[in-house]
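Engineer: CSV, C-alpha atoms, file input.csv:
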```csv
chain,number,residue,atom,x,y,z
P,3,MET,CA,23.8,49.3,-27.1
P,4,ALA,CA,24.4,47.7,-30.4
P,5,THR,CA,28.0,46.9,-29.3
P,6,SER,CA,26.9,45.1,-26.2
P,7,TRP,CA,24.3,43.1,-28.2
P,8,CYS,CA,26.9,42.1,-30.7
P,9,LEU,CA,29.3,41.0,-27.9
P,10,ARG,CA,26.7,38.8,-26.3
P,11,TRP,CA,25.7,37.3,-29.7
P,12,GLY,CA,29.4,36.5,-30.4
P,13,VAL,CA,30.0,34.9,-27.0
P,14,SER,CA,26.9,32.7,-27.4
P,15,ARG,CA,28.0,31.6,-30.9
P,16,ALA,CA,31.5,30.8,-29.7
P,17,GLY,CA,30.2,28.9,-26.7
P,18,GLY,CA,28.7,26.3,-29.0
P,19,TRP,CA,32.1,25.5,-30.5
P,20,LEU,CA,34.1,25.7,-27.3
P,21,LEU,CA,31.8,23.5,-25.1
P,22,PRO,CA,31.9,19.7,-25.7
P,23,SER,CA,29.0,18.1,-27.2
P,24,ARG,CA,26.6,15.9,-25.2
P,25,ALA,CA,27.2,12.9,-27.5
P,26,ARG,CA,30.9,12.8,-26.6
P,27,TYR,CA,30.1,12.8,-22.9
P,28,PRO,CA,26.9,10.8,-22.3
P,29,ARG,CA,25.0,11.2,-19.1
P,30,ARG,CA,26.1,8.7,-16.4
P,31,THR,CA,23.5,6.6,-14.6
P,32,LEU,CA,23.9,6.6,-10.9
P,33,HIS,CA,23.1,3.7,-8.6
P,34,LYS,CA,22.9,1.2,-11.5
P,35,GLN,CA,21.3,-2.0,-10.3
P,36,VAL,CA,22.6,-5.3,-11.4
P,37,ASP,CA,20.4,-7.3,-13.7
P,38,GLY,CA,18.3,-9.8,-11.8
P,39,ALA,CA,18.9,-8.2,-8.4
P,40,GLU,CA,16.0,-7.2,-6.2
P,41,PHE,CA,16.2,-4.0,-4.2
P,42,GLN,CA,15.3,-4.2,-0.5
P,43,SER,CA,15.2,-1.4,1.9
P,44,ILE,CA,17.2,-1.5,5.1
P,45,TYR,CA,13.9,-1.1,7.0
P,46,SER,CA,12.4,-4.3,5.5
P,47,LEU,CA,11.0,-6.8,8.0
P,48,ASP,CA,13.4,-9.6,6.9
P,49,LYS,CA,16.3,-7.3,7.8
P,50,LEU,CA,14.8,-6.0,11.0
P,51,TYR,CA,13.9,-9.6,12.1
P,52,PRO,CA,16.2,-12.0,10.3
P,53,GLU,CA,15.0,-14.9,12.4
P,54,SER,CA,11.4,-14.6,11.1
P,55,LYS,CA,11.8,-15.3,7.4
P,56,GLY,CA,9.2,-17.3,5.6
P,57,ALA,CA,8.3,-18.4,2.1
P,58,GLU,CA,5.1,-16.4,1.6
P,59,THR,CA,5.8,-13.3,3.7
P,60,ALA,CA,8.9,-11.8,5.2
P,61,TRP,CA,7.5,-11.9,8.7
P,62,ARG,CA,6.0,-15.4,9.0
P,63,VAL,CA,7.8,-17.9,11.1
P,64,PRO,CA,8.8,-20.8,8.9
P,65,GLU,CA,7.6,-24.3,9.6
P,66,GLY,CA,9.9,-26.5,11.6
P,67,VAL,CA,11.6,-23.6,13.5
P,68,LYS,CA,11.3,-23.6,17.2
P,69,GLN,CA,9.7,-20.4,18.4
P,70,ALA,CA,11.6,-18.6,21.1
P,71,ASN,CA,9.9,-17.5,24.4
P,72,ASP,CA,10.2,-13.8,23.5
P,73,ASP,CA,9.2,-14.2,19.9
P,74,ILE,CA,5.9,-12.7,18.7
P,75,PRO,CA,3.9,-14.8,16.2
P,76,ILE,CA,3.2,-12.2,13.5
P,77,ASP,CA,0.4,-14.3,12.0
P,78,ARG,CA,-1.6,-13.9,15.2
P,79,LEU,CA,-1.5,-10.2,14.9
P,80,THR,CA,-3.7,-7.8,12.8
P,81,ILE,CA,-1.5,-5.2,11.2
P,82,THR,CA,-3.0,-2.2,9.4
P,83,TYR,CA,-1.6,1.1,8.1
P,84,CYS,CA,-3.3,4.5,8.0
P,85,ARG,CA,-2.5,8.2,7.5
P,86,SER,CA,0.0,9.5,10.1
P,87,SER,CA,0.2,12.8,11.9
P,88,GLY,CA,3.8,12.3,12.7
P,89,PRO,CA,7.0,13.2,10.8
P,90,GLY,CA,7.3,13.0,7.1
P,91,GLY,CA,6.2,16.4,5.7
P,92,GLN,CA,3.8,16.1,2.8
P,93,ASN,CA,4.7,12.5,2.6
P,94,VAL,CA,2.2,11.7,5.4
P,95,ASN,CA,-0.7,12.9,3.1
P,96,LYS,CA,0.3,10.4,0.4
P,97,VAL,CA,1.5,7.2,2.2
P,98,ASN,CA,-0.1,5.2,5.0
P,99,SER,CA,2.9,5.3,7.3
P,100,LYS,CA,1.2,4.9,10.7
P,101,ALA,CA,1.2,1.3,11.9
P,102,GLU,CA,-1.5,-0.2,14.1
P,103,VAL,CA,-1.1,-3.7,15.6
P,104,ARG,CA,-3.9,-5.4,17.5
P,105,PHE,CA,-4.5,-8.9,18.9
P,106,HIS,CA,-7.1,-10.6,21.1
P,107,LEU,CA,-5.6,-10.7,24.6
P,108,ALA,CA,-7.8,-13.4,26.1
P,109,THR,CA,-6.9,-15.9,23.4
P,110,ALA,CA,-3.2,-15.1,23.1
P,111,ASP,CA,-1.9,-18.5,24.2
P,112,TRP,CA,1.6,-17.4,23.4
P,113,ILE,CA,1.5,-15.3,26.5
P,114,ALA,CA,1.2,-16.8,30.0
P,115,GLU,CA,-2.1,-16.6,31.7
P,116,PRO,CA,-0.9,-14.6,34.8
P,117,VAL,CA,0.9,-12.2,32.4
P,118,ARG,CA,-2.3,-11.7,30.4
P,119,GLN,CA,-4.3,-10.9,33.5
P,120,LYS,CA,-1.7,-8.3,34.6
P,121,ILE,CA,-1.7,-6.7,31.2
P,122,ALA,CA,-5.5,-6.5,31.2
P,123,LEU,CA,-5.3,-4.6,34.5
P,124,THR,CA,-2.4,-2.3,33.8
P,125,HIS,CA,-3.3,-1.5,30.1
P,126,LYS,CA,-7.1,-1.6,30.2
P,127,ASN,CA,-7.2,1.8,28.4
P,128,LYS,CA,-5.6,0.2,25.3
P,129,ILE,CA,-8.2,-2.7,25.1
P,130,ASN,CA,-11.3,-2.2,23.1
P,131,ARG,CA,-14.8,-3.7,23.7
P,132,ALA,CA,-13.9,-6.7,21.7
P,133,GLY,CA,-11.0,-7.5,24.0
P,134,GLU,CA,-8.2,-6.5,21.6
P,135,LEU,CA,-5.1,-4.9,22.7
P,136,ILE,CA,-4.3,-2.0,20.3
P,137,LEU,CA,-0.9,-0.5,19.8
P,138,THR,CA,0.0,2.3,17.4
P,139,SER,CA,3.2,4.0,16.3
P,140,GLU,CA,3.8,7.0,14.1
P,141,CYS,CA,7.3,8.0,15.3
P,142,SER,CA,8.8,7.6,11.9
P,143,ARG,CA,7.9,8.3,8.2
P,144,TYR,CA,8.6,4.6,7.3
P,145,GLN,CA,6.1,1.8,7.7
P,146,PHE,CA,8.6,-0.8,8.8
P,147,ARG,CA,10.0,1.4,11.5
P,148,ASN,CA,6.6,2.1,12.9
P,149,LEU,CA,5.8,-1.6,12.7
P,150,ALA,CA,9.0,-2.5,14.5
P,151,SER,CA,8.1,0.1,17.2
P,152,CYS,CA,4.7,-1.5,17.8
P,153,LEU,CA,6.4,-5.0,18.1
P,154,GLN,CA,8.9,-3.5,20.6
P,155,LYS,CA,6.0,-2.1,22.6
P,156,ILE,CA,4.4,-5.5,22.8
P,157,ARG,CA,7.7,-7.0,24.0
P,158,ASP,CA,8.1,-4.2,26.7
P,159,ILE,CA,4.5,-4.8,27.9
P,160,ILE,CA,5.1,-8.5,28.2
P,161,THR,CA,8.5,-8.0,30.0
P,162,GLN,CA,7.0,-5.5,32.5
P,163,ALA,CA,4.0,-7.8,33.2
P,164,SER,CA,6.3,-10.8,33.7
P,165,GLN,CA,8.4,-9.2,36.4
P,166,THR,CA,7.4,-10.3,39.9
P,167,PRO,CA,7.3,-7.5,42.6
P,168,LYS,CA,10.0,-7.6,45.1
P,169,GLU,CA,9.1,-8.3,48.7
P,170,PRO,CA,9.9,-5.3,50.9
P,171,SER,CA,12.4,-5.8,53.7
P,172,LYS,CA,11.6,-5.3,57.4
P,173,GLU,CA,13.2,-1.8,57.4
P,174,ASP,CA,11.2,-0.7,54.3
P,175,ALA,CA,8.0,-2.1,55.8
P,176,ALA,CA,8.5,-0.2,59.1
P,177,LEU,CA,9.4,3.0,57.3
P,178,TRP,CA,6.3,2.7,55.1
P,179,LYS,CA,4.1,2.1,58.2
P,180,ILE,CA,5.5,5.3,59.8
P,181,ARG,CA,4.9,7.3,56.7
P,182,ILE,CA,1.3,6.1,56.5
P,183,GLU,CA,0.7,7.0,60.2
P,184,ASN,CA,2.2,10.4,59.8
P,185,SER,CA,0.1,11.0,56.7
P,186,ASN,CA,-3.1,10.0,58.6
P,187,ARG,CA,-2.1,12.2,61.6
P,188,GLU,CA,-1.6,15.2,59.3
P,189,ARG,CA,-4.9,14.6,57.5
P,190,LEU,CA,-6.8,14.5,60.7
P,191,ARG,CA,-5.1,17.7,62.0
P,192,GLN,CA,-6.1,19.5,58.8
P,193,LYS,CA,-9.6,18.2,59.1
P,194,ARG,CA,-9.9,19.6,62.7
P,195,ILE,CA,-8.6,22.9,61.6
P,196,ASN,CA,-11.2,23.1,58.7
P,197,SER,CA,-13.9,22.1,61.1
P,198,ALA,CA,-13.0,24.9,63.6
P,199,ILE,CA,-12.9,27.5,60.8
P,200,LYS,CA,-16.4,26.5,59.7
P,201,THR,CA,-17.7,26.5,63.3
P,202,SER,CA,-16.4,30.1,63.8
P,203,ARG,CA,-18.3,31.3,60.7
P,204,ARG,CA,-21.6,30.3,62.2
P,205,VAL,CA,-23.9,33.0,63.4
P,206,ASP,CA,-26.0,32.4,66.5
P,207,VAL,CA,-29.5,33.6,66.0
P,208,ASP,CA,-31.4,34.2,69.3
```
Have the structure of the file written as structure tokens, please.

Structural biologist:
Amino acid sequence: MATSWCLRWGVSRAGGWLLPSRARYPRRTLHKQVDGAEFQSIYSLDKLYPESKGAETAWRVPEGVKQANDDIPIDRLTITYCRSSGPGGQNVNKVNSKAEVRFHLATADWIAEPVRQKIALTHKNKINRAGELILTSECSRYQFRNLASCLQKIRDIITQASQTPKEPSKEDAALWKIRIENSNRERLRQKRINSAIKTSRRVDVD
């Protein structure tokens, strides 16, 4: 027992002489940032939408720039963040990562009037009593990704509402008429069968 203790004590003493000192090998700093440089995430809005850079905010359209037809004026939107129930682990309990974007649909003059009317009919479950269209996203643990997802949802809604329905051909119209007639004929047949079953259950009382 004493021999083993002496052996461990000797190894620990010799290790201090054999191992190099920390002063000779200073700890290296990883990812050193250049002085005067500003770090920006790859999910920042100015990188997701480089065409919408501004002086005050990264998502405001600068003055003098012609707005595209499919561009969304961010200054007309109300953007808020809250706690998310999506991915992120314990991070969702600390950071407001869920994005919520809303705007008043009736006064959104950057959308054509027929498109707004179609959106109001097809997405009425997303419009509150104040007439605001509300879109949320919590698919990611990053705020900027969720915000980009909400903006993409707005674009998809506008694109779907802007599409005009195709006129059916004569063959399709005739086929659709035949299907409706067959469906009505089958409905009436089932109705007669149910009526006969109920009639047979009646008991005649003399």

Engineer: Quick one: residues within 12 Å of P:Ala132, all atoms listed in the file, excluding same-chain residues fewer than 6 positions away - as a list in words?

Structural biologist: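 So, after excluding close chain neighbours, the residues are Arg104, Phe105, His106, Leu107, Ala108 and Thr109 of chain P.
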
Engineer: Find the distance between atom CA of P:Ile74 and atom CA of P:Ala114 and write it in Å to one decimal.

Structural biologist: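 Atom-to-atom, atom CA of P:Ile74 and atom CA of P:Ala114 are spaced 12.9 Å apart.
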
Engineer: Tell me, in Å to one decimal, how far atom CA of P:Gly133 is from atom CA of P:Gln162.

Structural biologist: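 A separation of 20.0 Å between them.
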
Engineer: Using all atoms listed in the file, which residues sit within 8 Å of P:Gln145 once same-chain residues fewer than 4 positions away are excluded, as a PDB file with C-alpha atoms, in the coordinates of the input?

Structural biologist:
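So the final result, stored in around_0.pdb, reads:
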```
ATOM      1  CA  TYR P  83      -1.600   1.100   8.100  1.00  0.00           C
ATOM      2  CA  ASN P  98      -0.100   5.200   5.000  1.00  0.00           C
ATOM      3  CA  SER P  99       2.900   5.300   7.300  1.00  0.00           C
ATOM      4  CA  LYS P 100       1.200   4.900  10.700  1.00  0.00           C
ATOM      5  CA  ALA P 101       1.200   1.300  11.900  1.00  0.00           C
ATOM      6  CA  LEU P 149       5.800  -1.600  12.700  1.00  0.00           C
TER       7      LEU P 149
END
```

Engineer: Quick one: pull the distance between atom CA of P:Trp112 and atom CA of P:Ser164, Å, one decimal.

Structural biologist: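 Between atom CA of P:Trp112 and atom CA of P:Ser164 the gap is 13.1 Å.
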
Engineer: Name all residues at most 9 Å from P:Val103 (count only C-alpha atoms; drop same-chain ones fewer than 2 positions away) and give them as number ranges by chain.

Structural biologist: P: 79-83, 101, 105, 135-139, 149, 152-153

Engineer: Which residue, P:Glu183, P:Glu102, P:Asp111, P:Asp174, has the smallest gap to P:Glu140 when you use only C-alpha atoms?

Structural biologist: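 Of all the options, P:Glu102 lies closest to P:Glu140.
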
Engineer: Here is a test: counting all atoms listed in the file, which residue of P:Val117, P:Ile129, P:Tyr144, P:Asn184 is nearest to P:Ile159?

Structural biologist: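 Closest residue, counting all atoms listed in the file: P:Val117.
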
Engineer: Restricting the calculation to only C-alpha atoms, which member of P:Val205, P:Ile160, P:Lys128, P:Pro170 is positioned closest to P:Ile113?

Structural biologist: P:Ile160

Engineer: Considering all atoms listed in the file, state which residue in the set P:Val97, P:Leu123, P:Ile195, P:Ala150 is at the smallest distance from P:Ile76.

Structural biologist: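 Checking each candidate against P:Ile76, we get P:Ala150 as the closest.
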